[in-house]
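Chemist: Pasting in a structure now, in structure tokens, and then I'll have a few things to ask.
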Amino acid sequence: MKLTRRSDSKQRLMIAAVVLVISAAGIQADDGTAFFEREIRPILVKRCESCHSAARSKTRGGLALDSAEGWKKGGEHGPAIVPGDVSASLIIKAISYGDDEFQMPPEENGGKLPPGEIARLTEWVRRGAPDPRTQAVARRGGLTENEIRQWWAFQPLAVAAFKSPANSLSNVIDQLIDSRLGSTGLAAAGAADRRTLVRRATYDLTGLPPSENEVAVFLADKSAGAFDKLVERLLASPRYGERWGRHWLDVVRYADTAGENTDHPIADAWRYRNWVIGAFNENMPYDRFVREQLAGDLLHRQDSGEAFARGLVATGFLAISRRFDHDSDKHMHLTHEDAIDTMGKAFLGLSIACARCHDHKYDPISASDYYALYGILESSRFSFPGCEAKQKPRDMVPLQRPEEWSRTVEPWEKAMARTNEELMTIDKELAEAAKGLSAIPAGSLQAISSGSVPEGGGQNLAVEKTRKVKVRRGELLVLTIDPAGNYGADTTAIQWKIRESGSGRSWDLTTDVIGDFLSANPRACADNEASWVFLDARRDSLALLPDQARSLSGNGSLQAWRKGENPAVFVNTSDKPVKVWTTLAARSLFVHPAQDGPVAIGWASAVEGEVEISGRVADAHNGGTSGVNWRLTHVAADLRPILANLRALAGKRQAVARRRDELLARTPPREQAYAVIDAEKPVDTKMHLRGDPEKPGDAVPRRWLDLFGGERVPAGAGSGRLQLARWLSDPKNPLVSRVIVNRVWQYHFGKGLVGTPNDFGTRGQKPTHPELLDTLAAWFVASGWDLKALHQAIMGSLAYQRSSDLADTAAFARNTEADPTNSMLWRFDRRRLSAEELRDSLLSASGGLDYTPAGPHPLPDPAGWSYTQHVPFAGVPETPQRSVYQMTLRNRRAPFLALFDGADPNATTPLRQVTTVPTQSLYFMNDASFHAQAEALARRVVAEHVTVDKVARLYAILFQREATDGEKDRAEGFIKKYEAMLAGPDVGISQAERSQAAWAAFCRVLMSSNEFLYLD
Amino acid sequence: MKNSGDLVNRRQMVQSSVAGSLLFNGLLGELLAEDSAGSGGSKVVSSQADPLAPRSPHFPAKAKAVIFLFMSGGVSHVDSFDPKPRLIADHGREVTFDHPETRNRPGYEKIYLKRPDWAFRPRGQSGIEVSDLFPHIGGQVDDLAVIRSMHTSHSNHYNATLGMHTGSFAFARPSIGAWMSYGLGTENRNLPSFLVLAPQMPYAGTQVWASDFLPGVHQGTRVMPGNEPVANLRRRVATTSRQEMELAMLAEVNQAHQAAHGPDPQLATRIRAFETAYGMQGEMPAALDMTKETDATLALYGLKRGQTDGFGWQCLAARRLVERGVRFVELIHTGSSGNWDSHGTMADHGRLAPQVDQPIAGLLQDLKGRGMLDDVLVVWTSEFGRTPFNNKADAPGREHHNWAFSSWLAGAGARRGFVHGATDEHGIRAVEKPVHVHDFHATILHMMGIDHERLTYRHGGRDYRLTDVHGHVVKDVLG
């Protein structure tokens, strides 16, 4: 809707006429209030307030009409009424339908008002809009002050901060849970057996099963503190950070791609991933963990080395915000929304981003709160990952102090840039000079001889009658190789020798060029007079082959001059034959024509007289093609000026290229982070009316949420991220500690004390155990935000160590009836392994898991990136490392993760869904890699344990328990029957193979079983 | 349509394959429970716990299933379903407006109207004009409700494709098929509720069929032409008997585990999931096995016997899948490249149209002939149209155009032989009864008996809808 404030005389006239009509209708002047109550309030209530009522939290266009303050303040377009001034009052303009773009009420809500009502409203405004209604309740976003005070999550912690060792907190946890169980009459389940406990704790803290040895050690330790010791050992394992870091990566929607239309890869995102894992492993205090992610760059401004670098990397939290559209620079308002949304949910459990278009409907967050935070982000500079419109990433942040960077990297980069520029200039000159070659008229090429080489064959170059050729200095002899019949032809070996008649001088192509093959084209011969030229002979003209390849098929002995892939002239410089697509003879020269035409080699004559030609053209890659044709021609023009120029330039190029190689060899360390730093100048964002950045409203000062005091970013403080980091980790803010202890609880128990971990607002659920939640939060803050201590306290509780079994159904009949979802925690919830746990467990069982932490993903050189929405980035292959290290794409989700409810890489995932679908079963039945893991496990067990009980071993590896006699019998029966099935007359395989196949089948059964997939 | 036959098939399958083994204990138990009238559901898993169990719509509706035909890249409306005589008459005339695809684009300072490359003619009883680009579909025009006033919010493939599927032009949100599965469940649990027959990856990748925040059971399952149409569908164990032996052993191990660890719906559900997967391993290839189709049927789709690819294959597969009770089948023609995006030359349209024209017409005829068009809704659309102008009047191609394009609906309550809405005289703007993508979605949901404002899902403290806060049902196109 567009509204212009031009005054419209026609409209005034019309209004005047209407006023006249009402007066005639006899409405009398009174003290105003009575008039309002009688004539106006009913119209406003009936016609306007369904969309414009603060009390109903419906203020379309920002306008409330249920109080005088509402219309005085007005909406997006300013005050709705100017008392006494009918023509300046927007409300009158709207209801009189004077503007095509701005008509109220709109068609769908009943359309234009009856003339009488318009007249009454107009008269009301004319009289100065008397309005006795005061705003009933002040609102902050969607809530009144009273409602805010009453909502549990905004109240201070109900428990005073206290310090105690972790194990005494464990007792408090049990008291609080047991008292609720007592009051609800639910019976608590008994303790889980020790085998179950070691498995539960190990998966919980590391995402992997315990090894047989670890189980044995724990079972053997009969001391009272055995479980505490186990937990302590697990918390010290580097696997802990990989497991709990993954939880946090879920919350911050980590991905290795940007998510815009082409899903550009982010080469340095992994540093943030590893930073998160490292932070958990070193038990970084949580409040610092929060601050680092928002302002690590500012917190470590004074530091150097590792501390400086890690601070920058931590801001990857903000940098990995999703990017949008074709040119993601132009859609940063969506990226900022994504950042605010994730930040609000992750740290505060508040959906702040709901206030982008209008005040939050249900929580105390206003649109100006949103833009106050937005301003902080807008005052920061985000690394740019590249997108379709701008392929090149930029604004990465060096992981060195600026002065260090300017001392080492900058001069090097400058030198590099200069050298590259020089090369480009020479290449341009070369291209210009080479035009002389392509300008040679086709008619000046005189045929000397020609021939055909069939597939697999060879032919001598010069037949007798053309053995001698008259040639003048500077003229060119050209040998052209053309594919016969089928295009693309083939690798062809060339030998070519030229001898001056009557003198001893001779030139041999291979020996002349094979040393330092890539030094120049044209390549001067030793006499510095003749030269060899490698030519693209397509389109009936000659051009230099411009590109160099320092290796072919990954083999450094092979070097080529070429244009694109082909046409090419290449050599095997090795003293041995090289086997690639075909076997290439030692120290030989080859050519490969292009799909669409020939390749050629020229010899620029140093002879004034007669030369003899010898040599051979031979197929070097037998199979399938139709052979090649060759022809020898003579360019009877003096090319000396052109060739001399080309040679001079080629020499110059070689010198510069050497310099470049030397520079490359001493590249200084210049690692960078995908990070966020302060922009040059901070700005206060102008509100985007209705969330539309094209419709700016008033600027909002950068500040903290009103709900928490609304403190402003002081002048001169930069973006305000440092302040934001402190506000977000303020121990006085009850949400920060409640939200994180609830998350930790949730990952241990499978569900939080608050069931909506990202939403502590009024639309979220209330805690099942409010006192417990506050106790944990208060203790956690007092502990110095110590996550590992919190794990110890929670895992040390009896509640954590309860059995998950329901086998004794009778005993728990009442429980299952009264509390089927176990919200009172009378038992431990059985849970399915996550996608990552499943994959890692399968790999670990087969012995194929690589425990090395991963670094960067093997991405192609960014210089060559040209991703489009048509052909977006498609990922890199999987590695045998842990799942947390696999590449995560935003736009093409890994099928395995999609199948087993992995995290959403596009939005914060507070809790994994657990779905059970047949397509998952198909994975266990038919997936190639699943089968491979089962085969590997079978091989491992069959090979290692010829004499040992294989069934027992498998149960130990997969379930960490002993197999019962019944299970052993059944397994043996299965193996026998399976082997027998394979022994049929039509299956000719050995006993060893039968055995392997049967054990693999049995491994599949166990690896598909519920006991493997579910954790008790 | 599929309903009672579903149960019969499952029972037959159970009995015929490995009766007597332990493999199908769970399923047999459930079938028995379903048989005993008034038993109130099996004690193992109540059907309410199954997120894919068929659910009643908000109000009675004719459509029970959707076949969604998506032409990737942007089909030109003025060359296909939107005849514009003035565009021919004014060919070459310069026009000026602020268009997203020509704004600030070098070489596009001036733009000129460009006439269609195909002639239009009235077709069928209704006389609705369809161009020679789609003569076969034109032959079925009496069954179509053509919407000539479509418009969308973005002129980029990625965003417009995402919008056409999820109602969101930037953020990842559940696909329309996932919403449909969430709202209505599915009729045949041996098959996924939402299938996407996509030989190539479309723009915006898997987001096009993702369930996003909806439970994962509702995500689209991609079906590819070839010998393994669904991932892991092909039995890897060499023989059926060996696979059955493994599955029977697994069932035994799982049941022993469950007996030892107490009744637990999630364990029971997973035991049953293997049975369903086994069913799917048989049912999906059976659904895609076209050997029993008659020559006449194959000819209808322009298929050669034995052909297992091409859009004709996709169309016939779609019929066979909805016949078996799949709720939502999407067919994507081409993908993010080699598609209808004819910037270079409209001759590409001429090359692509025959790939879909006869198959789609065949699908309509086949559905009709089997009485299935009464309860299957066929939707045809693209992410946007193409510009009725270009920077040269004789430019051979057309650019992206989101201000106007044409889509159509057929079957299951769509008004027959009807044209809704109109563009201006040159096909540039949707001026009469414009239909935004949100309205289009609201209408499709409505035809399936779903009120788009009531089909919501609470996520992150907010109730989400396919149509966000927009969308009006286009009542005119309802028969």
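Ligands are numbered from 1 in the order shown, residues from 1 within each chain, and chains are lettered A, B, ... in the order they appear in the structure tokens.
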Could you give me the residues within range 107-307 of chain B that DSSP places in strand (DSSP E or B), as a list in words?

Modeler: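 Filtering range 107-307 of chain B down to strand (DSSP E or B) leaves Ile111, Tyr112, Leu113, Phe120, Arg121, Pro122, Arg123, Ile128, Glu129, Val130, Ser131, Leu144, Ala145, Val146, Ile147, Arg148, Ser149, Met150, His151, Phe194, Leu195, Val196, Leu197, Thr221, Arg222 and Val223 of chain B.
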
Chemist: Per residue of chain A within 7 Å of chain B, note the shortest atom pair and the distance in Å to one decimal, counting only C-alpha atoms, and order the rows by chain and increasing residue number, as JSON lines.

Modeler:
```
{"residue": "A:Asn261", "atom": "CA", "partner": "B:Tyr158", "partner_atom": "CA", "distance": 5.9}
{"residue": "A:Phe324", "atom": "CA", "partner": "B:Ala170", "partner_atom": "CA", "distance": 6.6}
{"residue": "A:Asp325", "atom": "CA", "partner": "B:Asn159", "partner_atom": "CA", "distance": 7.0}
{"residue": "A:Asn758", "atom": "CA", "partner": "B:Gly460", "partner_atom": "CA", "distance": 6.7}
{"residue": "A:Asp759", "atom": "CA", "partner": "B:Gly461", "partner_atom": "CA", "distance": 6.1}
{"residue": "A:Arg763", "atom": "CA", "partner": "B:Gly461", "partner_atom": "CA", "distance": 5.4}
{"residue": "A:Gly764", "atom": "CA", "partner": "B:Gly461", "partner_atom": "CA", "distance": 6.2}
{"residue": "A:Asp805", "atom": "CA", "partner": "B:His261", "partner_atom": "CA", "distance": 5.0}
{"residue": "A:Leu806", "atom": "CA", "partner": "B:Gly262", "partner_atom": "CA", "distance": 4.2}
{"residue": "A:Ala807", "atom": "CA", "partner": "B:Gly262", "partner_atom": "CA", "distance": 3.6}
{"residue": "A:Asp808", "atom": "CA", "partner": "B:Gly262", "partner_atom": "CA", "distance": 7.0}
{"residue": "A:Thr809", "atom": "CA", "partner": "B:Gly262", "partner_atom": "CA", "distance": 6.8}
{"residue": "A:Gln869", "atom": "CA", "partner": "B:Tyr203", "partner_atom": "CA", "distance": 6.2}
{"residue": "A:His870", "atom": "CA", "partner": "B:Ser336", "partner_atom": "CA", "distance": 4.5}
{"residue": "A:Val871", "atom": "CA", "partner": "B:Ser336", "partner_atom": "CA", "distance": 6.9}
{"residue": "A:Asn891", "atom": "CA", "partner": "B:Gly205", "partner_atom": "CA", "distance": 5.6}
{"residue": "A:Arg892", "atom": "CA", "partner": "B:Thr206", "partner_atom": "CA", "distance": 5.4}
{"residue": "A:Arg893", "atom": "CA", "partner": "B:Thr206", "partner_atom": "CA", "distance": 6.7}
{"residue": "A:Asp901", "atom": "CA", "partner": "B:Gly216", "partner_atom": "CA", "distance": 6.6}
{"residue": "A:Asn906", "atom": "CA", "partner": "B:Ala172", "partner_atom": "CA", "distance": 6.7}
{"residue": "A:Gln913", "atom": "CA", "partner": "B:Pro215", "partner_atom": "CA", "distance": 6.9}
{"residue": "A:Thr915", "atom": "CA", "partner": "B:Gly216", "partner_atom": "CA", "distance": 6.2}
{"residue": "A:Thr916", "atom": "CA", "partner": "B:Arg270", "partner_atom": "CA", "distance": 6.2}
{"residue": "A:Val917", "atom": "CA", "partner": "B:Ala273", "partner_atom": "CA", "distance": 6.0}
{"residue": "A:Pro918", "atom": "CA", "partner": "B:Ala277", "partner_atom": "CA", "distance": 4.6}
{"residue": "A:Thr919", "atom": "CA", "partner": "B:Ala277", "partner_atom": "CA", "distance": 6.4}
{"residue": "A:Ser921", "atom": "CA", "partner": "B:Phe274", "partner_atom": "CA", "distance": 5.3}
{"residue": "A:Leu922", "atom": "CA", "partner": "B:Asn232", "partner_atom": "CA", "distance": 5.7}
{"residue": "A:Tyr923", "atom": "CA", "partner": "B:Asn232", "partner_atom": "CA", "distance": 5.8}
{"residue": "A:Asn926", "atom": "CA", "partner": "B:Asn232", "partner_atom": "CA", "distance": 5.0}
{"residue": "A:Asp927", "atom": "CA", "partner": "B:Asn232", "partner_atom": "CA", "distance": 5.2}
{"residue": "A:Ala1001", "atom": "CA", "partner": "B:Glu246", "partner_atom": "CA", "distance": 6.7}
{"residue": "A:Val1005", "atom": "CA", "partner": "B:Leu250", "partner_atom": "CA", "distance": 5.2}
{"residue": "A:Ser1009", "atom": "CA", "partner": "B:Asn254", "partner_atom": "CA", "distance": 6.0}
{"residue": "A:Asn1010", "atom": "CA", "partner": "B:Asn254", "partner_atom": "CA", "distance": 5.9}
{"residue": "A:Glu1011", "atom": "CA", "partner": "B:His257", "partner_atom": "CA", "distance": 6.8}
```

Chemist: For the selection you just gave me, I'd like the residues written to a file as a CSV table (one decimal), in the first residue's frame, keeping C-alpha atoms.

Modeler:
```
chain,number,residue,atom,x,y,z
A,261,ASN,CA,21.4,-20.3,-4.9
A,324,PHE,CA,20.5,-15.9,0.1
A,325,ASP,CA,19.6,-15.5,-3.5
A,758,ASN,CA,14.6,-23.1,21.7
A,759,ASP,CA,11.5,-21.5,23.0
A,763,ARG,CA,4.4,-20.3,23.3
A,764,GLY,CA,6.9,-22.8,24.7
A,805,ASP,CA,13.3,-51.6,30.8
A,806,LEU,CA,9.6,-52.2,31.1
A,807,ALA,CA,10.0,-56.0,31.1
A,808,ASP,CA,8.4,-56.1,34.6
A,809,THR,CA,5.2,-54.7,33.2
A,869,GLN,CA,22.0,-22.3,-9.8
A,870,HIS,CA,22.0,-24.6,-12.8
A,871,VAL,CA,25.2,-26.3,-11.7
A,891,ASN,CA,21.1,-27.2,-0.4
A,892,ARG,CA,21.8,-30.9,-1.0
A,893,ARG,CA,21.4,-32.7,2.2
A,901,ASP,CA,16.8,-37.5,11.1
A,906,ASN,CA,19.4,-24.4,7.3
A,913,GLN,CA,13.4,-35.9,15.5
A,915,THR,CA,11.2,-41.1,12.8
A,916,THR,CA,11.0,-44.8,12.0
A,917,VAL,CA,10.3,-45.4,8.3
A,918,PRO,CA,10.7,-48.3,6.0
A,919,THR,CA,13.2,-46.5,3.9
A,921,SER,CA,15.0,-50.5,7.0
A,922,LEU,CA,15.9,-50.6,3.3
A,923,TYR,CA,19.2,-49.1,4.2
A,926,ASN,CA,20.4,-53.2,0.9
A,927,ASP,CA,22.8,-50.4,1.3
A,1001,ALA,CA,24.9,-62.4,6.9
A,1005,VAL,CA,21.4,-59.4,11.3
A,1009,SER,CA,19.0,-55.3,15.2
A,1010,ASN,CA,17.2,-53.1,17.7
A,1011,GLU,CA,19.7,-53.9,20.3
```

Chemist: So that I can see what lies close to range 151-153 of chain B, please list as a list in words the residues with an atom at most 9 Å from it, counting only C-alpha atoms and leaving out residues fewer than 5 positions away in the same chain.

Modeler: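 The residues satisfying every condition are Asn159, Ala160, Gly163, Met164, Phe169, Glu383, Phe384, Gly385, His401, Asn402, Trp403, Ala404, Phe405, Ser406, Arg429, Ala430, Pro434, Val435, His436, Val437 and His438 of chain B.
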
Chemist: Create the file for the chosen residues now, containing C-alpha atoms and written as a short mmCIF file (atom, residue, chain, number, x, y, z; two decimals), in the first residue's frame.

Modeler:
```cif
data_model
loop_
_atom_site.label_atom_id
_atom_site.label_comp_id
_atom_site.auth_asym_id
_atom_site.auth_seq_id
_atom_site.Cartn_x
_atom_site.Cartn_y
_atom_site.Cartn_z
CA ASN B 159 13.82 -18.80 -5.53
CA ALA B 160 10.82 -19.24 -7.80
CA GLY B 163 8.42 -20.77 -3.87
CA MET B 164 6.37 -22.98 -6.17
CA PHE B 169 11.07 -17.82 -1.72
CA GLU B 383 8.27 -21.73 -11.77
CA PHE B 384 7.50 -18.66 -13.90
CA GLY B 385 6.84 -17.57 -17.48
CA HIS B 401 9.21 -13.41 -16.30
CA ASN B 402 7.51 -13.63 -12.93
CA TRP B 403 4.75 -11.07 -13.52
CA ALA B 404 2.62 -13.53 -15.45
CA PHE B 405 2.53 -17.12 -16.54
CA SER B 406 0.09 -19.96 -17.16
CA ARG B 429 1.09 -8.50 -16.39
CA ALA B 430 -1.60 -10.65 -14.82
CA PRO B 434 -4.43 -12.59 -10.65
CA VAL B 435 -3.44 -15.86 -8.96
CA HIS B 436 -0.30 -15.78 -6.86
CA VAL B 437 1.58 -18.98 -6.05
CA HIS B 438 0.10 -18.78 -2.53
#
```

Chemist: According to DSSP computed on the backbone, where in range 190-287 of chain A is there alpha helix (DSSP H)? Give the residues as a VMD selection string.

Modeler: chain A and resid 194 to 206 212 to 220 226 to 236 238 to 251 269 to 281 286 to 287

Chemist: Check the smallest atom-to-atom distance from each of A:Leu558, A:Ala644, A:Met332, A:Ala258 to Gly386 in chain A using only C-alpha atoms, then report the winner.

Modeler: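 The answer is A:Ala258, which sits nearest to Gly386 in chain A.
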
Chemist: How many Å lie between CA of Gln314 in chain B and CA of Glu399 in chain B, rounded to one decimal?

Modeler: 28.0 Å

Chemist: Which is closer to Ala318 in chain B than all the others in B:Glu94, B:Asp468, B:Glu330, B:Asp143, using only C-alpha atoms?

Modeler: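 Among the listed residues, B:Glu330 lies closest to Ala318 in chain B.
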